[in-house]
>>> print(open('model_26.pdb').read())   # PDB, C-alpha atoms
ATOM      1  CA  MET A  43      25.750 -14.047  49.406
ATOM      2  CA  THR A  44      22.803 -13.201  51.651
ATOM      3  CA  THR A  45      19.611 -11.485  50.605
ATOM      4  CA  ALA A  46      20.623  -8.360  52.502
ATOM      5  CA  ASP A  47      23.934  -8.148  50.620
ATOM      6  CA  THR A  48      22.059  -8.522  47.335
ATOM      7  CA  GLU A  49      19.755  -5.644  48.192
ATOM      8  CA  LEU A  50      22.749  -3.435  49.056
ATOM      9  CA  GLN A  51      24.309  -3.925  45.604
ATOM     10  CA  PRO A  52      23.628  -1.017  43.220
ATOM     11  CA  ARG A  53      21.028  -1.729  40.591
ATOM     12  CA  ARG A  54      22.175  -2.069  37.003
ATOM     13  CA  LYS A  55      21.906   1.109  35.044
ATOM     14  CA  GLY A  56      20.411   1.122  31.553
ATOM     15  CA  LEU A  57      17.162   1.249  29.666
ATOM     16  CA  THR A  58      14.546  -1.436  29.840
ATOM     17  CA  ARG A  59      13.366  -3.185  26.702
ATOM     18  CA  ARG A  60      10.186  -1.082  26.612
ATOM     19  CA  GLN A  61      12.170   2.133  27.008
ATOM     20  CA  ARG A  62      14.546   1.137  24.203
ATOM     21  CA  ARG A  63      11.582   0.362  21.968
ATOM     22  CA  SER A  64       9.977   3.718  22.749
ATOM     23  CA  LEU A  65      13.264   5.522  22.126
ATOM     24  CA  SER A  66      13.722   3.730  18.785
ATOM     25  CA  ARG A  67      10.190   4.637  17.748
ATOM     26  CA  GLY A  68      10.740   8.247  18.709
ATOM     27  CA  VAL A  69      13.950   8.438  16.660
ATOM     28  CA  GLN A  70      12.144   7.010  13.638
ATOM     29  CA  TYR A  71       9.394   9.621  13.950
ATOM     30  CA  VAL A  72      11.964  12.399  14.192
ATOM     31  CA  VAL A  73      13.810  11.136  11.103
ATOM     32  CA  PHE A  74      10.527  10.849   9.180
ATOM     33  CA  VAL A  75       9.392  14.374  10.110
ATOM     34  CA  ALA A  76      12.832  15.775   9.262
ATOM     35  CA  ALA A  77      12.745  14.077   5.838
ATOM     36  CA  VAL A  78       9.265  15.455   5.113
ATOM     37  CA  ILE A  79      10.302  18.966   6.116
ATOM     38  CA  ALA A  80      13.473  18.758   4.027
ATOM     39  CA  PHE A  81      11.472  17.616   1.006
ATOM     40  CA  ALA A  82       8.885  20.362   1.501
ATOM     41  CA  VAL A  83      11.563  23.041   1.779
ATOM     42  CA  ALA A  84      13.691  21.794  -1.135
ATOM     43  CA  ALA A  85      10.852  21.277  -3.665
ATOM     44  CA  ASP A  86       9.931  24.071  -6.041
ATOM     45  CA  TRP A  87       6.170  23.984  -5.512
ATOM     46  CA  GLY A  88       5.549  26.851  -7.894
ATOM     47  CA  ARG A  89       7.034  25.025 -10.878
ATOM     48  CA  LEU A  90       5.282  21.811  -9.892
ATOM     49  CA  ARG A  91       1.944  23.604  -9.704
ATOM     50  CA  ASN A  92       2.458  25.245 -13.098
ATOM     51  CA  GLN A  93       3.370  21.926 -14.723
ATOM     52  CA  PHE A  94       0.950  19.524 -13.008
ATOM     53  CA  ALA A  95      -1.910  21.526 -11.507
ATOM     54  CA  GLN A  96      -3.413  23.813 -14.135
ATOM     55  CA  TRP A  97      -7.104  23.881 -13.280
ATOM     56  CA  ASP A  98      -8.208  25.299 -16.638
ATOM     57  CA  ILE A  99      -6.518  22.393 -18.458
ATOM     58  CA  ALA A 100      -7.985  19.856 -16.040
ATOM     59  CA  LYS A 101     -11.496  21.210 -16.626
ATOM     60  CA  GLN A 102     -11.136  20.649 -20.376
ATOM     61  CA  MET A 103     -10.689  16.920 -19.761
ATOM     62  CA  PHE A 104     -14.152  16.444 -18.315
ATOM     63  CA  PRO A 105     -16.393  14.626 -18.967
ATOM     64  CA  ASP A 106     -14.383  12.765 -21.655
ATOM     65  CA  VAL A 107     -11.763  11.532 -19.187
ATOM     66  CA  ILE A 108     -14.559   9.652 -17.394
ATOM     67  CA  THR A 109     -17.056   8.819 -20.137
ATOM     68  CA  LEU A 110     -14.413   7.844 -22.706
ATOM     69  CA  ALA A 111     -10.958   7.133 -21.227
ATOM     70  CA  LEU A 112     -11.973   5.611 -17.893
ATOM     71  CA  ARG A 113     -14.849   3.722 -19.511
ATOM     72  CA  ASN A 114     -12.506   2.147 -22.072
ATOM     73  CA  THR A 115      -9.984   1.292 -19.364
ATOM     74  CA  VAL A 116     -12.680  -0.476 -17.345
ATOM     75  CA  LEU A 117     -13.967  -2.314 -20.450
ATOM     76  CA  TYR A 118     -10.471  -3.506 -21.369
ATOM     77  CA  THR A 119      -9.814  -4.621 -17.799
ATOM     78  CA  VAL A 120     -13.099  -6.430 -17.191
ATOM     79  CA  SER A 121     -13.015  -8.287 -20.510
ATOM     80  CA  GLY A 122      -9.382  -9.313 -19.928
ATOM     81  CA  PHE A 123     -10.164 -10.367 -16.371
ATOM     82  CA  VAL A 124     -13.102 -12.545 -17.427
ATOM     83  CA  LEU A 125     -10.985 -14.233 -20.091
ATOM     84  CA  GLY A 126      -8.113 -14.617 -17.628
ATOM     85  CA  VAL A 127     -10.360 -16.271 -15.021
ATOM     86  CA  ALA A 128     -11.785 -18.746 -17.543
ATOM     87  CA  LEU A 129      -8.406 -19.579 -19.081
ATOM     88  CA  GLY A 130      -6.641 -19.621 -15.719
ATOM     89  CA  LEU A 131      -9.130 -22.123 -14.302
ATOM     90  CA  VAL A 132      -8.642 -24.439 -17.285
ATOM     91  CA  ILE A 133      -4.847 -24.215 -16.973
ATOM     92  CA  ALA A 134      -5.032 -24.863 -13.224
ATOM     93  CA  LEU A 135      -7.077 -28.017 -13.816
ATOM     94  CA  MET A 136      -4.575 -29.100 -16.469
ATOM     95  CA  ARG A 137      -1.777 -28.444 -13.962
ATOM     96  CA  LEU A 138      -3.506 -30.767 -11.475
ATOM     97  CA  SER A 139      -4.381 -33.397 -14.085
ATOM     98  CA  SER A 140      -3.044 -36.932 -13.893
ATOM     99  CA  VAL A 141      -2.352 -36.756 -17.654
ATOM    100  CA  GLY A 142       1.294 -35.863 -18.155
ATOM    101  CA  PRO A 143       1.021 -33.796 -21.391
ATOM    102  CA  TYR A 144      -1.661 -31.611 -19.821
ATOM    103  CA  ARG A 145       0.589 -30.862 -16.847
ATOM    104  CA  TRP A 146       3.553 -30.131 -19.103
ATOM    105  CA  LEU A 147       1.591 -27.773 -21.361
ATOM    106  CA  ALA A 148       0.136 -25.929 -18.368
ATOM    107  CA  GLY A 149       3.568 -25.620 -16.777
ATOM    108  CA  ILE A 150       5.131 -24.281 -19.977
ATOM    109  CA  TYR A 151       2.311 -21.739 -20.425
ATOM    110  CA  ILE A 152       2.634 -20.478 -16.853
ATOM    111  CA  GLU A 153       6.403 -20.146 -16.977
ATOM    112  CA  VAL A 154       6.420 -18.428 -20.381
ATOM    113  CA  PHE A 155       3.652 -15.901 -19.768
ATOM    114  CA  ARG A 156       4.769 -15.114 -16.229
ATOM    115  CA  GLY A 157       8.321 -14.603 -17.434
ATOM    116  CA  LEU A 158       7.602 -12.394 -20.461
ATOM    117  CA  PRO A 159       7.025  -8.658 -19.953
ATOM    118  CA  ALA A 160       3.431  -7.627 -20.628
ATOM    119  CA  LEU A 161       4.697  -5.166 -23.238
ATOM    120  CA  LEU A 162       6.102  -7.989 -25.391
ATOM    121  CA  ILE A 163       2.828  -9.890 -25.213
ATOM    122  CA  PHE A 164       0.918  -6.907 -26.580
ATOM    123  CA  VAL A 165       3.505  -6.414 -29.311
ATOM    124  CA  PHE A 166       3.144 -10.085 -30.229
ATOM    125  CA  ILE A 167      -0.647  -9.764 -30.473
ATOM    126  CA  GLY A 168      -0.507  -6.535 -32.456
ATOM    127  CA  VAL A 169       2.329  -7.486 -34.849
ATOM    128  CA  ALA A 170       3.123 -11.204 -34.842
ATOM    129  CA  VAL A 171      -0.412 -12.588 -34.992
ATOM    130  CA  PRO A 172      -1.389 -10.662 -38.199
ATOM    131  CA  LEU A 173       1.890 -11.738 -39.800
ATOM    132  CA  ALA A 174       1.466 -15.380 -38.819
ATOM    133  CA  PHE A 175      -2.209 -15.553 -39.855
ATOM    134  CA  PRO A 176      -2.754 -13.131 -42.776
ATOM    135  CA  GLY A 177      -6.312 -11.955 -43.134
ATOM    136  CA  THR A 178      -7.288 -13.154 -39.666
ATOM    137  CA  GLU A 179      -9.135 -10.613 -37.534
ATOM    138  CA  ILE A 180      -9.555 -10.979 -33.790
ATOM    139  CA  VAL A 181     -13.207 -10.635 -32.844
ATOM    140  CA  GLY A 182     -13.969  -7.244 -31.322
ATOM    141  CA  GLY A 183     -11.125  -5.320 -32.977
ATOM    142  CA  THR A 184      -9.038  -3.398 -30.465
ATOM    143  CA  TYR A 185     -11.316  -4.412 -27.592
ATOM    144  CA  GLY A 186     -10.876  -8.074 -28.515
ATOM    145  CA  LYS A 187      -7.098  -7.714 -28.808
ATOM    146  CA  ALA A 188      -6.940  -5.943 -25.462
ATOM    147  CA  ALA A 189      -9.040  -8.650 -23.818
ATOM    148  CA  LEU A 190      -6.806 -11.325 -25.340
ATOM    149  CA  GLY A 191      -3.589  -9.650 -24.214
ATOM    150  CA  LEU A 192      -4.772  -8.956 -20.676
ATOM    151  CA  GLY A 193      -6.372 -12.387 -20.476
ATOM    152  CA  LEU A 194      -3.169 -14.167 -21.491
ATOM    153  CA  ILE A 195      -1.203 -12.167 -18.923
ATOM    154  CA  GLY A 196      -3.700 -12.656 -16.111
ATOM    155  CA  ALA A 197      -4.338 -16.347 -16.802
ATOM    156  CA  ALA A 198      -0.717 -17.281 -16.059
ATOM    157  CA  TYR A 199      -0.960 -15.784 -12.560
ATOM    158  CA  MET A 200      -4.556 -16.806 -11.919
ATOM    159  CA  ALA A 201      -3.801 -20.423 -12.840
ATOM    160  CA  GLU A 202      -1.372 -20.705  -9.935
ATOM    161  CA  THR A 203      -3.855 -18.921  -7.668
ATOM    162  CA  PHE A 204      -6.593 -21.362  -8.680
ATOM    163  CA  ARG A 205      -4.276 -24.318  -8.180
ATOM    164  CA  ALA A 206      -3.388 -23.186  -4.667
ATOM    165  CA  GLY A 207      -7.065 -22.592  -3.863
ATOM    166  CA  ILE A 208      -8.144 -26.007  -5.123
ATOM    167  CA  GLN A 209      -5.389 -27.741  -3.172
ATOM    168  CA  ALA A 210      -6.377 -25.771  -0.053
ATOM    169  CA  VAL A 211      -9.857 -27.340  -0.022
ATOM    170  CA  PRO A 212      -9.774 -30.255   2.446
ATOM    171  CA  ARG A 213      -9.594 -33.632   0.747
ATOM    172  CA  GLY A 214     -12.478 -34.788   2.929
ATOM    173  CA  GLN A 215     -14.824 -32.577   0.896
ATOM    174  CA  THR A 216     -14.037 -34.538  -2.252
ATOM    175  CA  GLU A 217     -14.256 -37.863  -0.450
ATOM    176  CA  ALA A 218     -17.653 -36.940   0.993
ATOM    177  CA  ALA A 219     -18.923 -35.979  -2.463
ATOM    178  CA  ARG A 220     -17.658 -39.233  -3.952
ATOM    179  CA  SER A 221     -19.384 -41.211  -1.194
ATOM    180  CA  LEU A 222     -22.644 -39.545  -2.204
ATOM    181  CA  GLY A 223     -22.224 -40.805  -5.763
ATOM    182  CA  PHE A 224     -20.638 -37.717  -7.363
ATOM    183  CA  SER A 225     -18.301 -38.352 -10.261
ATOM    184  CA  PRO A 226     -14.781 -36.804  -9.962
ATOM    185  CA  ALA A 227     -15.686 -34.085 -12.478
ATOM    186  CA  ARG A 228     -18.974 -33.245 -10.775
ATOM    187  CA  ALA A 229     -17.335 -33.187  -7.350
ATOM    188  CA  MET A 230     -14.709 -30.764  -8.684
ATOM    189  CA  VAL A 231     -17.274 -28.459 -10.315
ATOM    190  CA  SER A 232     -19.956 -28.566  -7.615
ATOM    191  CA  ILE A 233     -17.936 -28.899  -4.409
ATOM    192  CA  VAL A 234     -14.245 -28.053  -4.775
ATOM    193  CA  ILE A 235     -14.194 -25.108  -7.186
ATOM    194  CA  PRO A 236     -16.891 -23.052  -5.364
ATOM    195  CA  GLN A 237     -14.964 -23.424  -2.108
ATOM    196  CA  ALA A 238     -11.702 -22.597  -3.853
ATOM    197  CA  PHE A 239     -13.237 -19.387  -5.222
ATOM    198  CA  ARG A 240     -14.049 -18.217  -1.698
ATOM    199  CA  ILE A 241     -10.476 -18.899  -0.631
ATOM    200  CA  ILE A 242      -8.815 -17.126  -3.564
ATOM    201  CA  LEU A 243     -11.166 -14.144  -3.857
ATOM    202  CA  PRO A 244      -8.693 -11.654  -2.282
ATOM    203  CA  PRO A 245      -5.748 -12.602  -4.553
ATOM    204  CA  LEU A 246      -8.073 -12.601  -7.569
ATOM    205  CA  THR A 247      -9.059  -9.031  -6.724
ATOM    206  CA  ASN A 248      -5.363  -8.154  -6.585
ATOM    207  CA  GLU A 249      -5.026  -9.623 -10.088
ATOM    208  CA  LEU A 250      -7.875  -7.354 -11.193
ATOM    209  CA  ILE A 251      -5.956  -4.324  -9.912
ATOM    210  CA  MET A 252      -2.839  -5.487 -11.748
ATOM    211  CA  LEU A 253      -4.753  -5.883 -15.020
ATOM    212  CA  PHE A 254      -6.354  -2.467 -14.544
ATOM    213  CA  LYS A 255      -2.886  -0.902 -14.526
ATOM    214  CA  ASP A 256      -1.591  -3.122 -17.353
ATOM    215  CA  SER A 257      -4.446  -1.911 -19.552
ATOM    216  CA  SER A 258      -2.265   1.142 -20.266
ATOM    217  CA  LEU A 259      -0.318  -1.081 -22.705
ATOM    218  CA  VAL A 260      -3.323  -1.236 -25.028
ATOM    219  CA  LEU A 261      -1.895   1.838 -26.774
ATOM    220  CA  LEU A 262       0.650  -0.518 -28.419
ATOM    221  CA  LEU A 263      -2.219  -2.004 -30.440
ATOM    222  CA  GLY A 264      -2.796   1.288 -32.276
ATOM    223  CA  VAL A 265      -6.020   2.665 -30.825
ATOM    224  CA  THR A 266      -8.298   5.275 -32.383
ATOM    225  CA  LEU A 267      -9.437   8.438 -30.614
ATOM    226  CA  GLU A 268     -12.585   6.684 -29.424
ATOM    227  CA  GLU A 269     -10.633   3.663 -28.157
ATOM    228  CA  ARG A 270      -8.107   5.516 -25.990
ATOM    229  CA  GLU A 271      -7.677   4.444 -22.373
ATOM    230  CA  LEU A 272      -6.554   6.666 -19.517
ATOM    231  CA  SER A 273      -2.794   6.660 -20.154
ATOM    232  CA  LYS A 274      -3.112   7.298 -23.890
ATOM    233  CA  TYR A 275      -5.744   9.974 -23.320
ATOM    234  CA  GLY A 276      -3.568  11.763 -20.746
ATOM    235  CA  ARG A 277      -0.428  11.563 -22.896
ATOM    236  CA  ASP A 278      -2.204  12.930 -25.975
ATOM    237  CA  LEU A 279      -3.582  15.922 -24.082
ATOM    238  CA  ALA A 280      -0.229  16.511 -22.383
ATOM    239  CA  SER A 281       1.413  16.725 -25.816
ATOM    240  CA  THR A 282      -1.309  19.047 -27.115
ATOM    241  CA  THR A 283      -1.233  21.425 -24.147
ATOM    242  CA  ALA A 284       2.531  21.145 -23.446
ATOM    243  CA  ASN A 285       1.598  20.566 -19.820
ATOM    244  CA  SER A 286       1.585  17.496 -17.547
ATOM    245  CA  THR A 287      -1.732  18.218 -15.828
ATOM    246  CA  PRO A 288      -3.609  15.652 -18.001
ATOM    247  CA  ILE A 289      -1.185  12.941 -16.866
ATOM    248  CA  LEU A 290      -1.851  13.809 -13.222
ATOM    249  CA  VAL A 291      -5.626  13.739 -13.781
ATOM    250  CA  ALA A 292      -5.336  10.358 -15.521
ATOM    251  CA  GLY A 293      -3.327   9.054 -12.562
ATOM    252  CA  LEU A 294      -5.997  10.258 -10.155
ATOM    253  CA  CYS A 295      -8.609   8.386 -12.215
ATOM    254  CA  TYR A 296      -6.567   5.197 -11.796
ATOM    255  CA  LEU A 297      -6.507   5.768  -8.039
ATOM    256  CA  LEU A 298     -10.256   6.367  -8.119
ATOM    257  CA  VAL A 299     -10.623   2.668  -8.974
ATOM    258  CA  THR A 300      -7.573   0.997  -7.410
ATOM    259  CA  ILE A 301      -7.906   2.499  -3.902
ATOM    260  CA  PRO A 302     -11.496   1.239  -3.350
ATOM    261  CA  LEU A 303     -10.503  -2.142  -4.795
ATOM    262  CA  GLY A 304      -7.535  -2.274  -2.416
ATOM    263  CA  PHE A 305      -9.861  -1.518   0.493
ATOM    264  CA  VAL A 306     -12.165  -4.341  -0.616
ATOM    265  CA  VAL A 307      -9.200  -6.734  -0.745
ATOM    266  CA  ARG A 308      -8.160  -5.834   2.803
ATOM    267  CA  ARG A 309     -11.704  -6.339   4.066
ATOM    268  CA  MET A 310     -11.977  -9.737   2.391
ATOM    269  CA  GLU A 311      -8.604 -10.812   3.780
ATOM    270  CA  ALA A 312      -9.674  -9.726   7.273
ATOM    271  CA  LYS A 313     -12.910 -11.715   7.008
ATOM    272  CA  ALA A 314     -10.970 -14.740   5.737
ATOM    273  CA  ARG A 315      -8.649 -14.539   8.769
ATOM    274  CA  GLU A 316     -11.628 -14.274  11.120
ATOM    275  CA  ALA A 317     -13.244 -17.307   9.499
ATOM    276  CA  VAL A 318     -10.124 -19.382  10.103
ATOM    277  CA  LYS A 319      -9.997 -18.504  13.823
TER     278      LYS A 319
END
>>> encode(input="model_26.pdb", output="structure tokens")
Amino acid sequence: MTTADTELQPRRKGLTRRQRRSLSRGVQYVVFVAAVIAFAVAADWGRLRNQFAQWDIAKQMFPDVITLALRNTVLYTVSGFVLGVALGLVIALMRLSSVGPYRWLAGIYIEVFRGLPALLIFVFIGVAVPLAFPGTEIVGGTYGKAALGLGLIGAAYMAETFRAGIQAVPRGQTEAARSLGFSPARAMVSIVIPQAFRIILPPLTNELIMLFKDSSLVLLLGVTLEERELSKYGRDLASTTANSTPILVAGLCYLLVTIPLGFVVRRMEAKAREAVK
């Protein structure tokens, strides 16, 4: 077939790949807008406003929702996070140890505490520990118990994060330190772990967000009025006022912390990607 005959043949009809992609995107936008409109029309905004957006009830929560509930939530979270980082690092080193029993114990701890619901861990601390060790008091009272519970939960996840970070450090770093006369322990502490921390900083911040939300389980320990965190504080006021506005305000206080932390995580991940390029 000559070139002239080819030119005389009718061109194939149909959409190009770019046109199909644009059409698909347009359909998705239409479906999304239609769903939003349907939700807006179907919802009873008046009843929602009466149940969740009573300004006079919300005003009664301040400043205690910040100075008491949010403060306690942050204290529980930070103390649990610090304990989780310390314990998680130890477990990660045990996981990487050449000593078999250390590896087995670390593996059992990680599997057990990652597999158990956080609720059961708090119940165990609040009920089982006093029964198993009569007369024993955890240092710090409720704050100590909360730190222990959140620390045990976080350590199981952080241990695997630490392990991955340590293994991500190039082996040449350790070999260079050993050639300079560093002992294996000193090379790990001075060279490997600091570099691993820079690698795992974004996932560690995600663990902090997770613990911040899990701090709501502290109510299972039997807190006093002065020890209430955000969820307990909101639930108590919701029961008193027979309205759900306190729960909404408590949720907004959670977002006041988690959204900025999420933004920080994304920024750190972006910088880590740029450093690799």
>>> closest_residue(input="model_26.pdb", among="A:Gly207, A:Gln215, A:Tyr151, A:Phe81", to="Met136 of chain A", atoms="only C-alpha atoms")
A:Tyr151
>>> residues_around(input="model_26.pdb", residues="Val307 of chain A", least_positions_apart="5", cutoff="9 Å", atoms="only C-alpha atoms", output="list in words")
Leu243, Pro244, Pro245, Thr247, Asn248, Pro302 and Ala312 of chain A
>>> resolve_selection(input="model_26.pdb", expression="the PyMOL selection byres ((chain A and resi 111) around 12)", output="MDAnalysis selection string")
chainID A and resid 103:110 112:118 257:258 260:261 265:279 288 291:293 295:296
>>> closest_residue(input="model_26.pdb", among="A:Leu263, A:Ala229, A:Ala160, A:Ile301", to="Thr184 of chain A", atoms="all atoms listed in the file")
A:Leu263
>>> resolve_selection(input="model_26.pdb", expression="the PyMOL selection byres ((chain A and resi 147) around 12)", output="number ranges by chain")
A: 132-139, 141-146, 148-154, 198
>>> closest_residue(input="model_26.pdb", among="A:Leu294, A:Ala170, A:Leu131, A:Leu250", to="Leu192 of chain A", atoms="only C-alpha atoms")
A:Leu250
>>> resolve_selection(input="model_26.pdb", expression="the PyMOL selection byres ((chain A and resi 119-123) around 10)", output="ChimeraX atom specification")
/A:113-118,124-130,185-197,200,246-247,249-258
>>> atom_distance(input="model_26.pdb", atom1="atom CA of Gln61 of chain A", atom2="atom CA of Ala76 of chain A")
22.4 Å
>>> atom_distance(input="model_26.pdb", atom1="atom CA of Pro212 of chain A", atom2="atom CA of Arg156 of chain A")
28.1 Å
>>> closest_residue(input="model_26.pdb", among="A:Val83, A:Ala210, A:Leu162, A:Leu303", to="Ile242 of chain A", atoms="only C-alpha atoms")
A:Ala210
>>> atom_distance(input="model_26.pdb", atom1="atom CA of Glu179 of chain A", atom2="atom CA of Leu259 of chain A")
19.7 Å
